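Below you'll find the structure, written out as structure tokens, and then a few comments.
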Amino acid sequence: MGNQVRYSVIIPMFNEEAVIDETYRRLKEVMYRTGEAYELLFVNDGSKDRCADIIRQYGVWDTTVKLIDFSRNFGHQIAITAGMDYASGDAVIIIDADLQDPPELILSMIERWKEGYEVVYAQRMKRNGETWFKKWSASLFYRLLRASTDISIPVDTGDFRLMDRKVCEEMKRMPENNRFVRGLVSWVGFRQTALEYERDERFAGESKYPLKRMIKLSLDGITSFSYKPLKLAGYAGTLLSGAGFLYLLYVIYLVLFTSETNRGWPSLIAIMLIFNGFVLLMLGIMGEYIGRIYDETKGRPLYVVREFSGGEKPATSVQRRTVE
Ligand code: UDP
Ligand code: MG
């Protein structure tokens, strides 16, 4: 309806009044340089400070500014999801509000997008001004994630990225609640490429990701792309009951050929080994079922089509999943 925007920039913010003026200024400068129409979609994730008021003020005279104002804090991943739902650009860019992701990189992302890439993600080569603990835990997490999942989620990559409209549409079909957005983008596929950059220090304010939230995000990441942890009981069960069986043979040997055993001990050991092994094995089998149930309940589409050519898509297409 006339106001076609080419780029949507999504900026999640949670108590960012100390940086938001500067973020706005830097983003305006960068987006102006594209020479094309854009929107700045700020998502206020239940901030307790004035950052939403500041954005609302800018919106009075700047029609590129839009504000999604959450009723409470829903978390970073939900905030960027809402941004994608509201975005209307041909390319959608997600960037942190704290200027740790340099807005100038957006121009290079757009360049790559115009070359035909559908996802351009920013990969951190270096993190400036963060504690060794944050760097160490983040690095450990990305490697753990890589080891446990079947799809390849790039390491050291946050949510700072550009997505083509097609990718954004697919993201809207993901109904899951515990979202790990960067993983979902990898899952969706399409032509993806990395841009390397140095992560800057926070412009002002402090991290809104305390340890507890980092752990929650890591667990979301690992559990939504792998049920290897569930299989652990199965592996342990197989291993332990194998070892238990061998030990049982040894106990039988002791009973039959030596006099080193106390009365009652062999039967007790036998019962323990047999039953513990059995319980662990059953847990493992249950793990397999629970894993499959989990897969089904995630409700992800079975496949993603980039383009269908050579005819009309049948009107009565298969509806396996209900999409709201
Ligand atoms: N954020 C959010 N909701 C939250 C926590 C954070 O929208 O509950 C935003 C925050 O304002 C910032 C981005 O998510 O724009 C990344 O957060 P932060 O910079 O605190 O994380 P860090 O860079 O320390 O990992
Ligand atoms: Mg930050």
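Residues are referred to by chain and number: the chain letter is A, B, ... according to the order shown in the structure tokens, the number counts from 1 in that chain, and ligands are numbered separately from 1 in the order shown.
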- Task: Kindly compile the residues surrounding ligand 1 within 6 Å, counting only C-alpha atoms and all ligand atoms, and format them as a VMD selection string.
- Result: chain A and resid 12 to 14 16 45 73 75 to 76 79 96 to 98 207 to 209
Take the residues just selected and output them with N, CA and C atoms as a compact mmCIF listing (two decimals), in the first residue's frame.
# COMPACT_ATOMS: atom_id res chain seq x y z
N PRO A 12 15.94 -4.78 19.77
CA PRO A 12 15.33 -5.13 21.05
C PRO A 12 15.97 -4.29 22.14
N MET A 13 15.16 -3.79 23.07
CA MET A 13 15.79 -2.99 24.13
C MET A 13 15.15 -3.25 25.48
N PHE A 14 16.00 -3.39 26.45
CA PHE A 14 15.58 -3.63 27.82
C PHE A 14 16.41 -2.71 28.71
N GLU A 16 17.55 0.42 28.24
CA GLU A 16 18.70 0.92 27.48
C GLU A 16 18.70 2.44 27.34
N ASP A 45 11.19 -4.32 25.51
CA ASP A 45 10.93 -5.57 26.21
C ASP A 45 10.67 -5.31 27.70
N ASN A 73 8.49 -7.79 30.59
CA ASN A 73 9.71 -8.35 30.03
C ASN A 73 9.49 -9.80 29.60
N GLY A 75 11.83 -11.27 27.39
CA GLY A 75 13.14 -11.81 27.04
C GLY A 75 13.56 -11.47 25.62
N HIS A 76 14.87 -11.41 25.47
CA HIS A 76 15.50 -10.98 24.23
C HIS A 76 15.02 -11.77 23.00
N ALA A 79 11.62 -10.90 22.03
CA ALA A 79 11.57 -9.53 21.50
C ALA A 79 11.96 -9.52 20.01
N ASP A 96 21.65 -5.48 18.27
CA ASP A 96 21.49 -5.13 19.68
C ASP A 96 21.41 -3.62 19.85
N ALA A 97 20.77 -3.20 20.93
CA ALA A 97 20.60 -1.77 21.16
C ALA A 97 21.86 -1.14 21.75
N ASP A 98 22.77 -1.96 22.27
CA ASP A 98 23.85 -1.38 23.08
C ASP A 98 25.09 -1.00 22.27
N SER A 207 25.35 -5.19 30.96
CA SER A 207 24.75 -6.34 30.30
C SER A 207 23.42 -6.72 30.94
N LYS A 208 22.44 -7.05 30.08
CA LYS A 208 21.14 -7.49 30.57
C LYS A 208 21.07 -9.00 30.56
N TYR A 209 22.23 -9.62 30.39
CA TYR A 209 22.29 -11.07 30.36
C TYR A 209 23.10 -11.59 31.54
- Which of region 77-106 of chain A counts as alpha helix (DSSP H) under DSSP, as a list in words please?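 Taking region 77-106 of chain A and keeping alpha helix (DSSP H) only, one gets Gln77, Ile78, Ala79, Ile80, Thr81, Ala82, Gly83, Met84, Asp85, Tyr86, Leu105 and Ile106 of chain A.
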- Task: Provide the CA of Glu39 (chain A) to CA of Lys66 (chain A) distance in Å, to one decimal place.
- Result: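 So the two atoms, CA of Glu39 (chain A) and CA of Lys66 (chain A), lie 7.1 Å apart.
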- Pick out the closest residue to ligand 2 from this set: A:Asp295, A:Ala204, A:Gln123, A:Leu145. Count only C-alpha atoms and all ligand atoms. A:Ala204
- Query: From the list A:Phe225, A:Phe160, A:Tyr142, A:Tyr253, which residue is nearest ligand 2 when using only C-alpha atoms and all ligand atoms?
  - Reply: A:Phe160
